[in-house]
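Peer 1: Can you read through this structure? Questions will come right after.
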Amino acid sequence: MPRGKKIVIDRDISDRVVENLKTINLEGIKKSYDGRRSSISTSLANIYNEAQKLYQRKELDPEMLEKKGLYTIPNAYELLRQNSFDVSFRAFCGRVERATIPSVKIGNKRYISIDSLNSIMNMRDEFYSVKEAFERYKKFNSKINYRAFIGRIEKRSVPSVKIGTKRLVPRNAIDALTHVAKSYYTVSQAIQRLRKSGIQIRRNAFERRLDRNRVPHTKIAGRRYIPMDVLDELVSKEIALRQK
C-alpha cells in the first residue's frame, strides 16, 4: 500500500449470533442444572417413600409405578430409545451403576424416575458431548484436529460446562462458532487472503489497522475476527488504490 494513503472502512458490525455467543452464561447454566438435579432427587425421594409403603403392603405392580413416574431399567432404556437416544444398554446400565443417572431400589429391582429421563433428553437437546461438538465444528473448520479443539475448550474459547461428571458443550455455542467459521476470517486467514490478492502486508501492520479500528472486527474469547465482506471491501479498495 502506498505510504501516506489510508483506507478506513467505516462500518458497524451487528451480528446477533456473535453477541449471543459472547453472552452465554455458563455459570447460570450449571446452576440451573444443579437445581434440576436437586429437584429430581427430592421428587425421587418422595416417590420412593410412597413406593416402599406399597411394596411392604405387597400392593406394588409395574403399571402403578409407571403411573407414579418410576420405570424399571429396561423400560427406562426403551423409552429413551424411542426418543432417539443413541446409547447401548450396557453403557446406560453403567451410568445407572455409577449414579450418573439417579435411581432407587425397591425390593429387588432398580427404578428410574421420569424426571431423570426427561432431564437426560433435555440435555441431549441442549448440549453436545465434546466429541460430538468437535465433529460438528470440524465440518466448517476442517483444519482443526481433536487435540486443538480440546485446547480451545481448556482455554475457554469454546464454551463448555461440567454437569455431573461429564463435560458438555452448549449446542447454541457450536452453532454460533460454526457461523463464525463460515462468515469470518481469523487474523491469519485475513492476511493470507490479502497476500493471495497481491497485497503484501506484514502481520503487525495489519494488526495496527485493527487496533485503530480502520478495519471493523469483533473479538471472541480474546481472538479477533474480521467479517468476510469487510475483507472483500478492503481488498477491492487496496486494489483500486494501487491502480490510481
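Letters A, B, ... mark the chains of the C-alpha cells in the order given; residue numbers begin at 1 per chain; ligand numbers begin at 1, in order shown.
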Counting only C-alpha atoms, which residues of stretch 78-186 of chain A fall within 8 Å of stretch 33-48 of chain A, and what is the closest atom pair for each with its distance in Å at one decimal, ordered by chain and rising number, as CSV?
Peer 2:
residue,atom,partner,partner_atom,distance
A:Pro102,CA,A:Ser41,CA,7.6
A:Ser103,CA,A:Leu44,CA,7.9
A:Val104,CA,A:Tyr48,CA,6.9
A:Ile106,CA,A:Tyr48,CA,7.7
A:Ser113,CA,A:Leu44,CA,6.5
A:Asp115,CA,A:Ile40,CA,6.1
A:Ser116,CA,A:Ile40,CA,6.5
A:Ser119,CA,A:Arg36,CA,7.9
A:Ile163,CA,A:Tyr33,CA,7.2
Peer 1: What would the file look like if the residues just selected were written as a compact mmCIF listing (two decimals), in the first residue's frame with C-alpha atoms?
Peer 2:
# COMPACT_ATOMS: atom_id res chain seq x y z
CA PRO A 102 -30.19 -41.30 39.71
CA SER A 103 -32.17 -44.40 40.64
CA VAL A 104 -33.75 -46.15 43.64
CA ILE A 106 -37.42 -51.12 45.64
CA SER A 113 -37.86 -41.59 37.62
CA ASP A 115 -37.98 -36.64 35.76
CA SER A 116 -34.48 -38.14 35.35
CA SER A 119 -33.61 -34.36 32.11
CA ILE A 163 -22.56 -31.24 34.64
Peer 1: Set the distance at 10 Å and use only C-alpha atoms: which residues neighbour A:Ala51 once local chain neighbours fewer than 2 positions away are removed? I'd like the list as a tab-separated table (two decimals) with N, CA and C atoms, in the first residue's frame.
Peer 2:
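around.tsv, written as the output of this step:
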chain	number	residue	atom	x	y	z
A	45	ALA	N	-37.09	-39.06	46.03
A	45	ALA	CA	-37.19	-39.50	47.43
A	45	ALA	C	-38.66	-39.63	47.85
A	46	ASN	N	-39.48	-38.67	47.42
A	46	ASN	CA	-40.90	-38.71	47.77
A	46	ASN	C	-41.60	-39.92	47.15
A	47	ILE	N	-41.31	-40.15	45.85
A	47	ILE	CA	-41.92	-41.29	45.16
A	47	ILE	C	-41.42	-42.61	45.77
A	48	TYR	N	-40.12	-42.64	46.13
A	48	TYR	CA	-39.53	-43.84	46.71
A	48	TYR	C	-40.23	-44.20	48.03
A	49	ASN	N	-40.44	-43.20	48.87
A	49	ASN	CA	-41.09	-43.46	50.17
A	49	ASN	C	-42.49	-44.03	49.97
A	53	LYS	N	-43.84	-48.09	50.78
A	53	LYS	CA	-45.03	-48.46	51.57
A	53	LYS	C	-45.91	-49.44	50.79
A	54	LEU	N	-46.07	-49.20	49.49
A	54	LEU	CA	-46.85	-50.12	48.65
A	54	LEU	C	-46.17	-51.49	48.58
A	55	TYR	N	-44.84	-51.47	48.50
A	55	TYR	CA	-44.09	-52.73	48.43
A	55	TYR	C	-44.28	-53.56	49.71
A	56	GLN	N	-44.21	-52.86	50.83
A	56	GLN	CA	-44.36	-53.55	52.11
A	56	GLN	C	-45.77	-54.13	52.28
A	57	ARG	N	-46.74	-53.46	51.65
A	57	ARG	CA	-48.12	-53.98	51.71
A	57	ARG	C	-48.40	-54.96	50.57
A	59	GLU	N	-48.60	-54.35	47.48
A	59	GLU	CA	-49.57	-53.78	46.55
A	59	GLU	C	-48.87	-53.14	45.33
A	60	LEU	N	-47.60	-53.46	45.19
A	60	LEU	CA	-46.81	-52.82	44.13
A	60	LEU	C	-46.91	-53.61	42.83
A	61	ASP	N	-47.12	-52.89	41.72
A	61	ASP	CA	-47.04	-53.53	40.41
A	61	ASP	C	-46.46	-52.52	39.41
A	64	MET	N	-48.62	-49.52	38.16
A	64	MET	CA	-48.83	-48.50	39.18
A	64	MET	C	-47.59	-47.61	39.32
A	65	LEU	N	-46.42	-48.26	39.29
A	65	LEU	CA	-45.17	-47.49	39.42
A	65	LEU	C	-44.99	-46.52	38.25
A	68	LYS	N	-46.83	-43.49	38.61
A	68	LYS	CA	-46.22	-42.59	39.59
A	68	LYS	C	-44.88	-42.04	39.07
A	70	LEU	N	-42.13	-44.01	37.88
A	70	LEU	CA	-40.95	-44.85	38.10
A	70	LEU	C	-40.90	-45.96	37.07
A	106	ILE	N	-36.21	-50.74	44.90
A	106	ILE	CA	-37.42	-51.12	45.64
A	106	ILE	C	-37.55	-52.63	45.50
A	107	GLY	N	-37.52	-53.32	46.62
A	107	GLY	CA	-37.49	-54.77	46.55
A	107	GLY	C	-36.18	-55.21	45.92
Peer 1: For stretch 166-183 of chain A, find every residue with an atom within 9 Å (counting only C-alpha atoms), except residues of its own chain fewer than 6 positions away, and show them as a PyMOL selection string.
Peer 2: chain A and resi 17-18+20-21+24+26+125-130+132-134+136-141+153+158-160+225-229
Peer 1: Considering only helix (DSSP H, G or I) as DSSP defines it on the backbone, what residues of stretch 31-206 of chain A qualify? List them as a VMD selection string.
Peer 2: chain A and resid 31 to 56 62 to 67 73 to 82 89 to 97 114 to 126 130 to 138 146 to 154 171 to 183 187 to 196 203 to 206
Peer 1: Could you check which of A:Arg242, A:Lys162, A:Lys30, A:Lys109 is closest to A:Gln52, using only C-alpha atoms?
Peer 2: A:Lys109
Peer 1: So which bits of stretch 31-244 of chain A end up strand (DSSP E) when you DSSP the backbone, as number ranges by chain?
Peer 2: A: 70-72, 104-106, 109-113, 127-129, 161-163, 166-170, 184-186, 218-220, 223-227
Peer 1: For the residues in that selection, give me C-alpha atoms as an mmCIF file, in the first residue's frame.
Peer 2:
data_model
loop_
_atom_site.group_PDB
_atom_site.id
_atom_site.type_symbol
_atom_site.label_atom_id
_atom_site.label_comp_id
_atom_site.auth_asym_id
_atom_site.auth_seq_id
_atom_site.Cartn_x
_atom_site.Cartn_y
_atom_site.Cartn_z
ATOM 1 C CA LEU A 70 -40.948 -44.846 38.096
ATOM 2 C CA TYR A 71 -39.577 -47.109 35.351
ATOM 3 C CA THR A 72 -37.567 -50.320 35.511
ATOM 4 C CA VAL A 104 -33.754 -46.152 43.637
ATOM 5 C CA LYS A 105 -34.023 -49.794 44.607
ATOM 6 C CA ILE A 106 -37.418 -51.117 45.637
ATOM 7 C CA LYS A 109 -35.434 -54.077 41.295
ATOM 8 C CA ARG A 110 -33.919 -50.705 40.494
ATOM 9 C CA TYR A 111 -36.106 -47.886 39.160
ATOM 10 C CA ILE A 112 -35.511 -44.568 37.401
ATOM 11 C CA SER A 113 -37.859 -41.587 37.617
ATOM 12 C CA PHE A 127 -25.727 -29.935 24.641
ATOM 13 C CA TYR A 128 -23.158 -31.833 22.596
ATOM 14 C CA SER A 129 -20.573 -34.128 24.126
ATOM 15 C CA VAL A 161 -19.738 -26.706 31.290
ATOM 16 C CA LYS A 162 -19.261 -29.701 33.565
ATOM 17 C CA ILE A 163 -22.556 -31.235 34.637
ATOM 18 C CA LYS A 166 -19.376 -35.047 32.116
ATOM 19 C CA ARG A 167 -18.103 -32.005 30.225
ATOM 20 C CA LEU A 168 -20.643 -30.714 27.733
ATOM 21 C CA VAL A 169 -20.698 -28.006 25.070
ATOM 22 C CA PRO A 170 -23.892 -25.962 24.574
ATOM 23 C CA TYR A 184 -15.395 -14.504 9.435
ATOM 24 C CA TYR A 185 -11.649 -14.652 8.928
ATOM 25 C CA THR A 186 -9.147 -15.021 11.726
ATOM 26 C CA THR A 218 -15.119 -8.442 16.538
ATOM 27 C CA LYS A 219 -13.378 -10.141 19.443
ATOM 28 C CA ILE A 220 -14.435 -13.592 20.650
ATOM 29 C CA ARG A 223 -9.287 -13.695 19.337
ATOM 30 C CA ARG A 224 -10.077 -11.131 16.640
ATOM 31 C CA TYR A 225 -12.301 -11.995 13.698
ATOM 32 C CA ILE A 226 -12.919 -9.976 10.531
ATOM 33 C CA PRO A 227 -16.206 -10.379 8.624
#
Peer 1: So the first atom is atom CA of A:Gln189 and the second is atom CA of A:Arg209; what is the distance between them in Å, to one decimal place?
Peer 2: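 Between atom CA of A:Gln189 and atom CA of A:Arg209 the gap works out to 15.5 Å.
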Peer 1: What's the separation between atom CA of A:Leu80 and atom CA of A:Glu66, in Å to one decimal place?
Peer 2: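 So the two atoms, atom CA of A:Leu80 and atom CA of A:Glu66, lie 14.6 Å apart.
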